[in-house]
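Source file: final.tsv (TSV, C-alpha atoms (C1' of nucleotides))
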```tsv
chain	number	residue	atom	x	y	z
A	259	MET	CA	-15.70	8.10	-30.38
A	260	ALA	CA	-15.42	11.35	-28.53
A	261	ARG	CA	-11.86	12.19	-27.77
A	262	PRO	CA	-11.35	13.32	-24.21
A	263	GLY	CA	-14.60	11.94	-22.88
A	264	SER	CA	-18.10	13.30	-23.19
A	265	ALA	CA	-17.62	15.62	-20.26
A	266	ALA	CA	-15.10	17.79	-22.05
A	267	GLU	CA	-15.86	20.17	-24.87
A	268	THR	CA	-12.34	20.40	-26.16
A	269	PRO	CA	-11.29	19.95	-29.76
A	270	GLU	CA	-7.73	19.28	-30.87
A	271	PRO	CA	-5.98	16.56	-28.85
A	272	ALA	CA	-3.08	18.94	-28.38
A	273	ASP	CA	-0.60	16.10	-28.25
A	274	GLU	CA	-1.34	13.21	-30.53
A	275	SER	CA	2.16	11.85	-30.13
A	276	TYR	CA	1.70	10.46	-26.62
A	277	ASP	CA	0.41	6.92	-26.52
A	278	LEU	CA	0.40	5.32	-23.09
A	279	ALA	CA	0.72	1.83	-24.54
A	280	GLU	CA	4.06	2.79	-26.13
A	281	GLN	CA	5.77	4.25	-23.07
A	282	VAL	CA	8.63	2.24	-21.56
A	283	GLY	CA	7.35	2.64	-18.06
A	284	PHE	CA	3.97	1.21	-18.86
A	285	ILE	CA	5.34	-1.69	-20.88
A	286	MET	CA	7.94	-2.45	-18.25
A	287	ARG	CA	5.25	-2.53	-15.57
A	288	GLN	CA	3.31	-5.08	-17.59
A	289	ALA	CA	6.39	-7.21	-18.22
A	290	ALA	CA	7.18	-7.12	-14.51
A	291	GLN	CA	3.63	-8.15	-13.64
A	292	ARG	CA	3.86	-11.10	-16.00
A	293	HIS	CA	7.14	-12.11	-14.42
A	294	VAL	CA	5.69	-12.00	-10.91
A	295	SER	CA	2.78	-14.09	-12.11
A	296	ILE	CA	5.19	-16.71	-13.44
A	297	PHE	CA	7.16	-16.53	-10.20
A	298	ASN	CA	4.04	-17.24	-8.14
A	299	GLU	CA	3.02	-20.16	-10.31
A	300	ILE	CA	6.39	-21.86	-10.08
A	301	MET	CA	7.64	-20.94	-6.62
A	302	GLY	CA	4.28	-21.24	-4.91
A	303	SER	CA	2.39	-18.46	-3.22
A	304	ASP	CA	4.13	-18.88	0.12
A	305	LEU	CA	7.16	-16.88	-1.01
A	306	THR	CA	7.30	-13.51	-2.74
A	307	PRO	CA	9.93	-12.31	-5.22
A	308	THR	CA	11.36	-9.90	-2.68
A	309	GLN	CA	11.54	-12.54	0.02
A	310	TRP	CA	13.29	-14.82	-2.44
A	311	ALA	CA	15.74	-12.07	-3.30
A	312	VAL	CA	16.72	-11.83	0.36
A	313	LEU	CA	17.14	-15.58	0.75
A	314	ALA	CA	19.18	-15.86	-2.44
A	315	ARG	CA	21.42	-12.97	-1.49
A	316	LEU	CA	22.07	-14.36	1.96
A	317	TYR	CA	22.73	-17.79	0.51
A	318	GLN	CA	25.23	-16.43	-1.98
A	319	ASP	CA	27.17	-14.10	0.25
A	320	GLY	CA	26.29	-14.89	3.84
A	321	GLY	CA	24.87	-12.55	6.44
A	322	SER	CA	25.10	-8.78	6.45
A	323	SER	CA	23.58	-5.80	8.17
A	324	GLN	CA	19.91	-5.22	7.47
A	325	ASN	CA	20.40	-1.95	5.62
A	326	LEU	CA	23.19	-3.34	3.45
A	327	LEU	CA	21.06	-6.35	2.69
A	328	GLY	CA	18.33	-3.99	1.60
A	329	ARG	CA	20.67	-2.17	-0.75
A	330	GLN	CA	21.84	-5.44	-2.25
A	331	THR	CA	18.27	-6.54	-2.89
A	332	ALA	CA	16.99	-3.16	-4.06
A	333	MET	CA	14.83	-2.29	-1.05
A	334	ASP	CA	14.92	0.77	1.13
A	335	ALA	CA	15.29	0.54	4.90
A	336	ALA	CA	11.56	0.53	5.57
A	337	THR	CA	10.83	-2.18	3.05
A	338	ILE	CA	13.64	-4.55	3.98
A	339	LYS	CA	12.53	-4.41	7.59
A	340	GLY	CA	9.09	-5.78	6.75
A	341	VAL	CA	10.55	-8.51	4.57
A	342	VAL	CA	13.06	-9.57	7.22
A	343	ASP	CA	10.34	-9.55	9.88
A	344	ARG	CA	8.22	-11.95	7.85
A	345	LEU	CA	11.16	-14.25	7.17
A	346	LEU	CA	11.98	-14.13	10.88
A	347	LYS	CA	8.46	-15.19	11.73
A	348	ARG	CA	8.93	-18.22	9.49
A	349	LYS	CA	12.35	-18.90	11.04
A	350	LEU	CA	14.06	-18.88	7.64
A	351	VAL	CA	16.32	-16.13	8.88
A	352	GLN	CA	17.88	-15.12	12.17
A	353	THR	CA	19.35	-11.87	13.49
A	354	LYS	CA	21.97	-10.79	15.99
A	355	PRO	CA	23.54	-7.49	16.97
A	356	ASP	CA	26.81	-6.55	15.30
A	357	PRO	CA	29.49	-6.66	18.02
A	358	GLU	CA	31.52	-4.07	16.14
A	359	ASP	CA	28.75	-1.54	15.54
A	360	GLY	CA	25.94	-1.02	18.01
A	361	ARG	CA	23.66	0.36	15.33
A	362	ARG	CA	23.77	-2.66	13.07
A	363	LEU	CA	21.59	-5.76	13.05
A	364	ILE	CA	23.17	-8.74	11.33
A	365	VAL	CA	20.76	-10.85	9.31
A	366	GLU	CA	21.65	-14.38	8.18
A	367	LEU	CA	19.97	-17.54	7.01
A	368	SER	CA	18.94	-20.04	9.65
A	369	PRO	CA	19.92	-23.67	9.02
A	370	ALA	CA	16.34	-24.29	7.92
A	371	GLY	CA	16.62	-21.24	5.66
A	372	VAL	CA	19.71	-22.68	4.01
A	373	ASP	CA	17.92	-25.95	3.24
A	374	TYR	CA	14.82	-24.16	2.04
A	375	THR	CA	16.80	-21.88	-0.23
A	376	ARG	CA	18.80	-24.71	-1.70
A	377	GLU	CA	15.64	-26.64	-2.48
A	378	LEU	CA	14.15	-23.67	-4.27
A	379	LEU	CA	17.17	-22.81	-6.39
A	380	PRO	CA	16.18	-25.06	-9.32
A	381	LYS	CA	12.70	-23.56	-9.32
A	382	ALA	CA	14.13	-20.06	-9.30
A	383	GLU	CA	16.15	-20.91	-12.37
A	384	THR	CA	12.99	-22.16	-14.02
A	385	VAL	CA	11.29	-18.85	-13.28
A	386	THR	CA	13.93	-16.99	-15.24
A	387	LYS	CA	13.78	-19.55	-18.02
A	388	VAL	CA	10.01	-19.34	-18.38
A	389	THR	CA	10.03	-15.55	-18.19
A	390	LEU	CA	12.52	-15.35	-21.04
A	391	ALA	CA	10.96	-18.17	-23.03
A	392	PRO	CA	9.33	-15.84	-25.60
A	393	LEU	CA	12.77	-14.54	-26.60
A	394	ALA	CA	15.45	-16.09	-28.77
A	395	THR	CA	18.70	-16.89	-27.00
A	396	ASN	CA	20.60	-13.89	-28.27
A	397	GLN	CA	17.68	-11.60	-27.48
A	398	ARG	CA	17.80	-12.60	-23.83
A	399	ALA	CA	21.32	-11.30	-23.36
A	400	THR	CA	20.38	-8.14	-25.23
A	401	LEU	CA	17.37	-7.47	-23.01
A	402	ILE	CA	19.34	-7.96	-19.83
A	403	ALA	CA	22.14	-5.73	-21.05
A	404	LEU	CA	19.70	-2.97	-21.95
A	405	LEU	CA	17.80	-3.21	-18.68
A	406	LYS	CA	21.04	-2.97	-16.74
A	407	GLN	CA	21.73	0.34	-18.39
A	408	LEU	CA	18.46	1.76	-17.12
A	409	ARG	CA	19.15	1.11	-13.44
B	493	MET	CA	33.82	-15.12	3.08
B	494	ALA	CA	31.70	-17.89	4.50
B	495	ARG	CA	29.25	-19.11	1.95
B	496	PRO	CA	25.78	-19.58	3.34
B	497	GLY	CA	26.29	-17.59	6.51
B	498	SER	CA	27.99	-18.57	9.69
B	499	ALA	CA	24.88	-20.30	11.00
B	500	ALA	CA	25.09	-23.07	8.45
B	501	GLU	CA	27.64	-25.83	8.45
B	502	THR	CA	27.21	-26.69	4.81
B	503	PRO	CA	30.02	-26.90	2.30
B	504	GLU	CA	29.50	-27.02	-1.45
B	505	PRO	CA	27.26	-24.24	-2.79
B	506	ALA	CA	25.19	-26.89	-4.58
B	507	ASP	CA	24.26	-24.44	-7.32
B	508	GLU	CA	26.92	-21.99	-8.27
B	509	SER	CA	25.09	-21.05	-11.45
B	510	TYR	CA	22.39	-18.96	-9.81
B	511	ASP	CA	23.31	-15.33	-9.32
B	512	LEU	CA	20.47	-13.11	-8.15
B	513	ALA	CA	22.02	-10.04	-9.72
B	514	GLU	CA	21.80	-11.66	-13.16
B	515	GLN	CA	18.15	-12.71	-13.10
B	516	VAL	CA	15.76	-10.81	-15.38
B	517	GLY	CA	13.18	-10.38	-12.69
B	518	PHE	CA	15.59	-8.73	-10.30
B	519	ILE	CA	17.12	-6.46	-12.93
B	520	MET	CA	13.71	-5.52	-14.26
B	521	ARG	CA	12.55	-4.60	-10.76
B	522	GLN	CA	15.53	-2.27	-10.38
B	523	ALA	CA	14.95	-0.68	-13.77
B	524	ALA	CA	11.28	-0.16	-12.89
B	525	GLN	CA	12.26	1.44	-9.58
B	526	ARG	CA	14.58	3.83	-11.36
B	527	HIS	CA	11.83	4.72	-13.77
B	528	VAL	CA	9.36	5.46	-10.97
B	529	SER	CA	11.98	7.62	-9.31
B	530	ILE	CA	12.39	9.63	-12.52
B	531	PHE	CA	8.63	9.84	-12.83
B	532	ASN	CA	8.29	11.30	-9.36
B	533	GLU	CA	11.02	13.85	-9.93
B	534	ILE	CA	9.50	15.15	-13.13
B	535	MET	CA	5.76	14.76	-12.59
B	536	GLY	CA	5.79	15.78	-8.95
B	537	SER	CA	4.83	13.64	-6.03
B	538	ASP	CA	1.14	14.48	-6.23
B	539	LEU	CA	0.53	11.95	-9.01
B	540	THR	CA	1.60	8.31	-9.21
B	541	PRO	CA	2.47	6.36	-12.38
B	542	THR	CA	-0.72	4.32	-12.10
B	543	GLN	CA	-2.87	7.40	-11.61
B	544	TRP	CA	-1.22	8.94	-14.64
B	545	ALA	CA	-1.89	5.79	-16.65
B	546	VAL	CA	-5.60	6.15	-15.91
B	547	LEU	CA	-5.68	9.83	-16.83
B	548	ALA	CA	-3.73	9.25	-20.05
B	549	ARG	CA	-5.93	6.34	-21.08
B	550	LEU	CA	-9.12	8.29	-20.45
B	551	TYR	CA	-7.72	11.28	-22.30
B	552	GLN	CA	-6.81	9.19	-25.30
B	553	ASP	CA	-9.94	7.10	-25.64
B	554	GLY	CA	-12.65	8.67	-23.48
B	555	GLY	CA	-14.60	7.05	-20.66
B	556	SER	CA	-15.12	3.35	-20.16
B	557	SER	CA	-16.31	0.97	-17.51
B	558	GLN	CA	-14.11	0.72	-14.44
B	559	ASN	CA	-13.08	-2.89	-15.03
B	560	LEU	CA	-12.25	-2.30	-18.69
B	561	LEU	CA	-10.25	0.75	-17.69
B	562	GLY	CA	-8.35	-1.43	-15.30
B	563	ARG	CA	-7.54	-3.94	-18.01
B	564	GLN	CA	-6.36	-1.18	-20.31
B	565	THR	CA	-4.05	0.21	-17.64
B	566	ALA	CA	-2.83	-3.17	-16.35
B	567	MET	CA	-4.63	-3.19	-12.99
B	568	ASP	CA	-6.98	-5.75	-11.56
B	569	ALA	CA	-10.46	-4.85	-10.33
B	570	ALA	CA	-9.38	-4.28	-6.75
B	571	THR	CA	-6.48	-2.03	-7.70
B	572	ILE	CA	-8.29	0.13	-10.24
B	573	LYS	CA	-11.00	0.83	-7.69
B	574	GLY	CA	-8.55	2.39	-5.28
B	575	VAL	CA	-6.95	4.46	-8.03
B	576	VAL	CA	-10.29	5.71	-9.32
B	577	ASP	CA	-11.44	6.52	-5.78
B	578	ARG	CA	-8.39	8.72	-5.21
B	579	LEU	CA	-8.82	10.47	-8.55
B	580	LEU	CA	-12.49	10.98	-7.69
B	581	LYS	CA	-11.54	12.60	-4.42
B	582	ARG	CA	-9.40	15.06	-6.36
B	583	LYS	CA	-12.23	15.60	-8.85
B	584	LEU	CA	-10.01	14.75	-11.81
B	585	VAL	CA	-12.44	12.02	-12.77
B	586	GLN	CA	-16.18	11.48	-12.55
B	587	THR	CA	-18.40	8.40	-12.67
B	588	LYS	CA	-21.94	7.52	-13.71
B	589	PRO	CA	-23.88	4.28	-14.06
B	590	ASP	CA	-23.96	2.66	-17.49
B	591	PRO	CA	-27.56	2.98	-18.74
B	592	GLU	CA	-27.11	-0.14	-20.85
B	593	ASP	CA	-25.64	-2.38	-18.16
B	594	GLY	CA	-26.64	-2.09	-14.54
B	595	ARG	CA	-23.40	-3.69	-13.36
B	596	ARG	CA	-21.10	-1.18	-14.99
B	597	LEU	CA	-19.74	2.09	-13.68
B	598	ILE	CA	-18.57	4.47	-16.36
B	599	VAL	CA	-15.45	6.44	-15.49
B	600	GLU	CA	-14.44	9.54	-17.42
B	601	LEU	CA	-12.26	12.61	-17.05
B	602	SER	CA	-13.84	15.67	-15.49
B	603	PRO	CA	-13.27	18.97	-17.32
B	604	ALA	CA	-10.61	19.78	-14.74
B	605	GLY	CA	-9.12	16.36	-15.36
B	606	VAL	CA	-8.86	17.06	-19.08
B	607	ASP	CA	-7.01	20.31	-18.45
B	608	TYR	CA	-4.76	18.71	-15.86
B	609	THR	CA	-3.90	15.80	-18.15
B	610	ARG	CA	-3.17	18.05	-21.10
B	611	GLU	CA	-0.84	20.15	-18.99
B	612	LEU	CA	1.07	17.10	-17.87
B	613	LEU	CA	1.49	15.49	-21.28
B	614	PRO	CA	4.80	17.23	-22.08
B	615	LYS	CA	6.20	16.19	-18.71
B	616	ALA	CA	5.10	12.61	-19.31
B	617	GLU	CA	7.02	12.61	-22.56
B	618	THR	CA	10.04	13.89	-20.70
B	619	VAL	CA	9.77	11.00	-18.25
B	620	THR	CA	10.08	8.50	-21.07
B	621	LYS	CA	12.90	10.47	-22.61
B	622	VAL	CA	14.91	10.66	-19.40
B	623	THR	CA	14.27	7.01	-18.59
B	624	LEU	CA	15.65	5.96	-21.97
B	625	ALA	CA	18.45	8.50	-21.98
B	626	PRO	CA	21.18	5.94	-21.19
B	627	LEU	CA	20.36	4.07	-24.41
B	628	ALA	CA	21.24	4.84	-27.99
B	629	THR	CA	18.31	5.57	-30.27
B	630	ASN	CA	18.21	2.17	-31.91
B	631	GLN	CA	18.56	0.45	-28.55
B	632	ARG	CA	15.39	2.12	-27.30
B	633	ALA	CA	13.25	0.52	-29.95
B	634	THR	CA	14.94	-2.81	-29.31
B	635	LEU	CA	14.27	-2.68	-25.59
B	636	ILE	CA	10.61	-1.82	-26.06
B	637	ALA	CA	10.17	-4.57	-28.63
B	638	LEU	CA	11.73	-7.14	-26.33
B	639	LEU	CA	9.72	-6.04	-23.31
B	640	LYS	CA	6.51	-6.29	-25.28
B	641	GLN	CA	7.26	-9.92	-25.98
B	642	LEU	CA	7.46	-10.67	-22.27
B	643	ARG	CA	3.96	-9.39	-21.43
C	1412	DT	C1'	36.51	16.43	24.98
C	1413	DG	C1'	32.67	17.97	22.63
C	1414	DA	C1'	30.00	19.60	18.67
C	1415	DT	C1'	28.69	18.21	14.17
C	1416	DC	C1'	27.40	15.16	10.87
C	1417	DC	C1'	26.39	10.57	9.17
C	1418	DT	C1'	24.50	5.92	9.40
C	1419	DC	C1'	21.33	2.43	11.21
C	1420	DG	C1'	17.07	0.67	12.49
C	1421	DT	C1'	12.24	1.80	13.51
C	1422	DT	C1'	7.67	3.69	12.87
C	1423	DC	C1'	3.88	6.06	10.46
C	1424	DG	C1'	1.14	7.13	6.51
C	1425	DT	C1'	-0.08	6.43	1.76
C	1426	DA	C1'	-0.30	3.91	-2.62
C	1427	DT	C1'	0.03	0.03	-5.60
C	1428	DA	C1'	-0.80	-5.13	-6.35
C	1429	DC	C1'	-3.52	-9.11	-6.12
C	1430	DG	C1'	-6.01	-13.42	-4.33
C	1431	DA	C1'	-10.40	-14.55	-2.46
C	1432	DA	C1'	-15.05	-14.06	-1.47
C	1433	DC	C1'	-19.44	-11.71	-1.98
C	1434	DG	C1'	-23.95	-9.82	-3.93
C	1435	DA	C1'	-26.07	-7.83	-7.99
C	1436	DT	C1'	-26.81	-7.99	-12.74
C	1437	DA	C1'	-26.41	-10.13	-17.67
C	1438	DT	C1'	-26.22	-13.67	-20.77
C	1439	DC	C1'	-26.73	-18.28	-22.47
C	1440	DC	C1'	-29.25	-22.05	-23.50
C	1441	DC	C1'	-32.41	-25.72	-22.74
D	863	DG	C1'	-39.41	-18.95	-18.38
D	864	DG	C1'	-35.72	-20.23	-15.64
D	865	DG	C1'	-31.46	-22.29	-14.12
D	866	DA	C1'	-26.41	-22.38	-14.95
D	867	DT	C1'	-22.73	-19.41	-15.92
D	868	DA	C1'	-20.18	-15.19	-16.42
D	869	DT	C1'	-19.12	-10.40	-15.52
D	870	DC	C1'	-18.99	-6.20	-12.63
D	871	DG	C1'	-17.99	-3.71	-8.68
D	872	DT	C1'	-16.85	-4.05	-3.75
D	873	DT	C1'	-14.45	-5.47	0.38
D	874	DC	C1'	-10.90	-7.77	3.16
D	875	DG	C1'	-6.28	-9.26	4.11
D	876	DT	C1'	-1.45	-9.36	3.03
D	877	DA	C1'	2.83	-7.74	0.90
D	878	DT	C1'	5.79	-4.60	-1.40
D	879	DA	C1'	7.41	0.40	-2.00
D	880	DC	C1'	8.91	4.66	-0.26
D	881	DG	C1'	8.95	9.50	1.86
D	882	DA	C1'	9.42	11.49	6.28
D	883	DA	C1'	10.59	11.79	10.92
D	884	DC	C1'	12.78	9.99	14.99
D	885	DG	C1'	16.31	8.31	18.54
D	886	DA	C1'	20.60	5.76	19.25
D	887	DG	C1'	25.17	4.93	17.98
D	888	DG	C1'	29.63	6.21	15.27
D	889	DA	C1'	33.00	9.04	12.95
D	890	DT	C1'	35.34	13.36	12.26
D	891	DC	C1'	37.76	17.24	13.61
D	892	DA	C1'	38.65	21.38	16.05
```
Representation of the structure as structure tokens:
Amino acid sequence: MARPGSAAETPEPADESYDLAEQVGFIMRQAAQRHVSIFNEIMGSDLTPTQWAVLARLYQDGGSSQNLLGRQTAMDAATIKGVVDRLLKRKLVQTKPDPEDGRRLIVELSPAGVDYTRELLPKAETVTKVTLAPLATNQRATLIALLKQLR
Amino acid sequence: MARPGSAAETPEPADESYDLAEQVGFIMRQAAQRHVSIFNEIMGSDLTPTQWAVLARLYQDGGSSQNLLGRQTAMDAATIKGVVDRLLKRKLVQTKPDPEDGRRLIVELSPAGVDYTRELLPKAETVTKVTLAPLATNQRATLIALLKQLR
DNA sequence: TGATCCTCGTTCGTATACGAACGATATCCC
DNA sequence: GGGATATCGTTCGTATACGAACGAGGATCA
């Protein structure tokens, strides 16, 4: 009924053109939430999307320094540290100092981490499939192409 | 070089088809991060995207119960509480019990909150504009339409 | 060599995000 | 009326996310 809430005595909305529900950021946040929900259903609640990103990246390309790993998985230095620490605690990952650079900490999959990651790969593919299920095949490529441009 | 890290003695990648960098979830997370970064640059670091979502929603449609507000802004009950608490502390929002339902807490903009929100509306529009800047006009509508289908 | 600047990893503080459990209140329906 | 069920708000615990600051190590160049 009342426009800006009963506490305000202001007429004219000033800016009728702004609708939260139509802003990319808001819609993208909702789409991301839905994706995470699908991820949790399929992958199980014992692994998060970020943790999976680290495992998948290490599986694909082998070990790397912690900071580089963070860049490759879209996490800053503070965030990647927490993720690596939790994977360390579960022994899915192991670390060692870089002999060529005293600042660096090399992170790599443990043997158990390799097995675990390989077992989850089919499920991870399913996550993407289910997330994109509402779209037609050609729309999926379009969406991904457009999202890549926003990075 | 080495595939699954030097700690593993496993040949054959088992699943060459999975590339983290090509999964919707991962790309969407990066796009969302970029958007938040743009948001912070333009809106200033004293307001978060979620806090803005609450202000914008209340400005558009007036007060509502806390849980309903959460649903409208894509936050669960636990999350919306924290957001409302922080907005309360800044006196941008005020609450009162719902006379018709003893369980409900009505949340609405304070007069200062109305002014603050109105002042920020142009900047919020800029955020969307800058976020979508890499896309052609017709691509923007396409992206939004596709994202909506994933919710 | 030594001063300067950069990178790396760590820590702290704050803010989402959400599952789970809880008590209080409403509603439904026999 | 009263019991089963559902909703609302709250709290706790855990996991991203990231800015800011810090010390240790590396690279550059005079």
Please determine the contact residues of chain A with respect to chain C at a cut-off of 12 Å, counting only C-alpha atoms (C1' of nucleotides), and supply them as an mmCIF file with C-alpha atoms, in the coordinates of the input.
```cif
data_model
loop_
_atom_site.group_PDB
_atom_site.id
_atom_site.type_symbol
_atom_site.label_atom_id
_atom_site.label_comp_id
_atom_site.auth_asym_id
_atom_site.auth_seq_id
_atom_site.Cartn_x
_atom_site.Cartn_y
_atom_site.Cartn_z
ATOM 1 C CA ARG A 287 5.250 -2.530 -15.570
ATOM 2 C CA GLN A 288 3.310 -5.080 -17.590
ATOM 3 C CA ALA A 290 7.180 -7.120 -14.510
ATOM 4 C CA GLN A 291 3.630 -8.150 -13.640
ATOM 5 C CA VAL A 294 5.690 -12.000 -10.910
ATOM 6 C CA SER A 295 2.780 -14.090 -12.110
ATOM 7 C CA ASN A 298 4.040 -17.240 -8.140
ATOM 8 C CA SER A 303 2.390 -18.460 -3.220
ATOM 9 C CA SER A 323 23.580 -5.800 8.170
ATOM 10 C CA GLN A 324 19.910 -5.220 7.470
ATOM 11 C CA ASN A 325 20.400 -1.950 5.620
ATOM 12 C CA LEU A 326 23.190 -3.340 3.450
ATOM 13 C CA GLY A 328 18.330 -3.990 1.600
ATOM 14 C CA ASP A 334 14.920 0.770 1.130
ATOM 15 C CA ALA A 335 15.290 0.540 4.900
ATOM 16 C CA ALA A 336 11.560 0.530 5.570
ATOM 17 C CA THR A 337 10.830 -2.180 3.050
ATOM 18 C CA ILE A 338 13.640 -4.550 3.980
ATOM 19 C CA LYS A 339 12.530 -4.410 7.590
ATOM 20 C CA GLY A 340 9.090 -5.780 6.750
ATOM 21 C CA PRO A 355 23.540 -7.490 16.970
ATOM 22 C CA ASP A 356 26.810 -6.550 15.300
ATOM 23 C CA ASP A 359 28.750 -1.540 15.540
ATOM 24 C CA GLY A 360 25.940 -1.020 18.010
ATOM 25 C CA ARG A 361 23.660 0.360 15.330
ATOM 26 C CA ARG A 362 23.770 -2.660 13.070
ATOM 27 C CA LEU A 363 21.590 -5.760 13.050
ATOM 28 C CA ILE A 364 23.170 -8.740 11.330
#
```
Can you pull out the residues contacting stretch 388-401 of chain A? Cut-off 7 Å, using only C-alpha atoms (C1' of nucleotides), and skip same-chain residues under 3 positions away; I want them as a compact mmCIF listing (two decimals) with C-alpha atoms, keeping the file's coordinate frame.
```
# COMPACT_ATOMS: atom_id res chain seq x y z
CA HIS A 293 7.14 -12.11 -14.42
CA ILE A 296 5.19 -16.71 -13.44
CA THR A 384 12.99 -22.16 -14.02
CA VAL A 385 11.29 -18.85 -13.28
CA LEU A 404 19.70 -2.97 -21.95
CA LEU A 405 17.80 -3.21 -18.68
CA LEU B 635 14.27 -2.68 -25.59
CA LEU B 638 11.73 -7.14 -26.33
CA GLN B 641 7.26 -9.92 -25.98
CA LEU B 642 7.46 -10.67 -22.27
```
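Using only C-alpha atoms, the shortest contact distance between chain B and any of A:Trp310, A:Tyr374, A:Tyr317, A:Phe297 is found at A:Tyr317.
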Can you tell me how far atom CA of B:Phe518 sits from atom CA of A:Thr308, in Å to one decimal? 8.8 Å
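Atom pair atom CA of A:Lys354 / atom CA of A:Arg315 has a distance of 17.6 Å (rounded to one decimal).
Any residue of chain D with an atom no more than 12 Å from chain B counts as a contact; using all atoms listed in the file, that gives DT869, DC870, DG871, DT872, DT873, DC874, DT878, DA879, DC880 and DG881 of chain D.
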Near A:Leu345, within 12 Å and counting all atoms listed in the file, which residues show up once chain neighbours fewer than 6 positions away are dropped, as a ChimeraX atom specification? /A:304-306,308-313,338-339,351-353,365-368,370-371,374
Could you check how far atom CA of A:Gly302 sits from atom CA of A:Met333, in Å to one decimal? 22.0 Å
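The closest residue to A:Lys387, picked from A:Ile300, A:Gln330, A:Tyr276, A:Ala289 and counting only C-alpha atoms, is A:Ile300.
Proximity ranking of A:Met301, A:Leu378, A:Ala279, A:Gly321 relative to chain B places A:Gly321 first, based on all atoms listed in the file.
Of the residues listed (A:Leu346, A:Val341, A:Ile285, A:Leu327), A:Ile285 shows the shortest atom-to-atom separation from chain B; distances use all atoms listed in the file.
Using only C-alpha atoms, the shortest contact distance between A:Asp373 and any of A:Lys347, A:Val342, A:Asp319, A:Ala314 is found at A:Ala314.
Proximity ranking of A:Ser275, A:Pro369, A:Glu377, A:Glu358 relative to chain B places A:Pro369 first, based on all atoms listed in the file.
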As a PDB file, in the coordinates of the input, could you write out stretch 345-356 of chain A once it has been completed with N, CA, C and O atoms?
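What ended up in part.pdb:
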```pdb
ATOM      1  N   LEU A 345      10.283 -13.070   7.255  1.00  0.00           N
ATOM      2  CA  LEU A 345      11.160 -14.250   7.170  1.00  0.00           C
ATOM      3  C   LEU A 345      11.556 -14.716   8.560  1.00  0.00           C
ATOM      4  O   LEU A 345      11.745 -15.915   8.794  1.00  0.00           O
ATOM      5  N   LEU A 346      11.689 -13.775   9.492  1.00  0.00           N
ATOM      6  CA  LEU A 346      11.980 -14.130  10.880  1.00  0.00           C
ATOM      7  C   LEU A 346      10.838 -14.948  11.472  1.00  0.00           C
ATOM      8  O   LEU A 346      11.050 -15.955  12.140  1.00  0.00           O
ATOM      9  N   LYS A 347       9.628 -14.507  11.188  1.00  0.00           N
ATOM     10  CA  LYS A 347       8.460 -15.190  11.730  1.00  0.00           C
ATOM     11  C   LYS A 347       8.398 -16.642  11.249  1.00  0.00           C
ATOM     12  O   LYS A 347       7.904 -17.524  11.937  1.00  0.00           O
ATOM     13  N   ARG A 348       8.927 -16.858  10.041  1.00  0.00           N
ATOM     14  CA  ARG A 348       8.930 -18.220   9.490  1.00  0.00           C
ATOM     15  C   ARG A 348      10.230 -18.956   9.822  1.00  0.00           C
ATOM     16  O   ARG A 348      10.460 -20.057   9.326  1.00  0.00           O
ATOM     17  N   LYS A 349      11.092 -18.298  10.591  1.00  0.00           N
ATOM     18  CA  LYS A 349      12.350 -18.900  11.040  1.00  0.00           C
ATOM     19  C   LYS A 349      13.260 -19.309   9.885  1.00  0.00           C
ATOM     20  O   LYS A 349      14.026 -20.263  10.013  1.00  0.00           O
ATOM     21  N   LEU A 350      13.164 -18.617   8.765  1.00  0.00           N
ATOM     22  CA  LEU A 350      14.060 -18.880   7.640  1.00  0.00           C
ATOM     23  C   LEU A 350      15.322 -18.052   7.793  1.00  0.00           C
ATOM     24  O   LEU A 350      16.324 -18.274   7.117  1.00  0.00           O
ATOM     25  N   VAL A 351      15.276 -17.116   8.705  1.00  0.00           N
ATOM     26  CA  VAL A 351      16.320 -16.130   8.880  1.00  0.00           C
ATOM     27  C   VAL A 351      16.488 -15.880  10.371  1.00  0.00           C
ATOM     28  O   VAL A 351      15.569 -16.095  11.149  1.00  0.00           O
ATOM     29  N   GLN A 352      17.669 -15.469  10.767  1.00  0.00           N
ATOM     30  CA  GLN A 352      17.880 -15.120  12.170  1.00  0.00           C
ATOM     31  C   GLN A 352      18.730 -13.853  12.247  1.00  0.00           C
ATOM     32  O   GLN A 352      19.468 -13.543  11.320  1.00  0.00           O
ATOM     33  N   THR A 353      18.623 -13.138  13.360  1.00  0.00           N
ATOM     34  CA  THR A 353      19.350 -11.870  13.490  1.00  0.00           C
ATOM     35  C   THR A 353      20.161 -11.869  14.781  1.00  0.00           C
ATOM     36  O   THR A 353      19.875 -12.602  15.722  1.00  0.00           O
ATOM     37  N   LYS A 354      21.179 -11.006  14.786  1.00  0.00           N
ATOM     38  CA  LYS A 354      21.970 -10.790  15.990  1.00  0.00           C
ATOM     39  C   LYS A 354      22.611  -9.420  15.879  1.00  0.00           C
ATOM     40  O   LYS A 354      22.838  -8.924  14.770  1.00  0.00           O
ATOM     41  N   PRO A 355      22.896  -8.805  17.025  1.00  0.00           N
ATOM     42  CA  PRO A 355      23.540  -7.490  16.970  1.00  0.00           C
ATOM     43  C   PRO A 355      24.967  -7.625  16.464  1.00  0.00           C
ATOM     44  O   PRO A 355      25.629  -8.637  16.684  1.00  0.00           O
ATOM     45  N   ASP A 356      25.426  -6.588  15.787  1.00  0.00           N
ATOM     46  CA  ASP A 356      26.810  -6.550  15.300  1.00  0.00           C
ATOM     47  C   ASP A 356      27.705  -6.130  16.472  1.00  0.00           C
ATOM     48  O   ASP A 356      27.540  -5.030  17.007  1.00  0.00           O
TER      49      ASP A 356
END
```
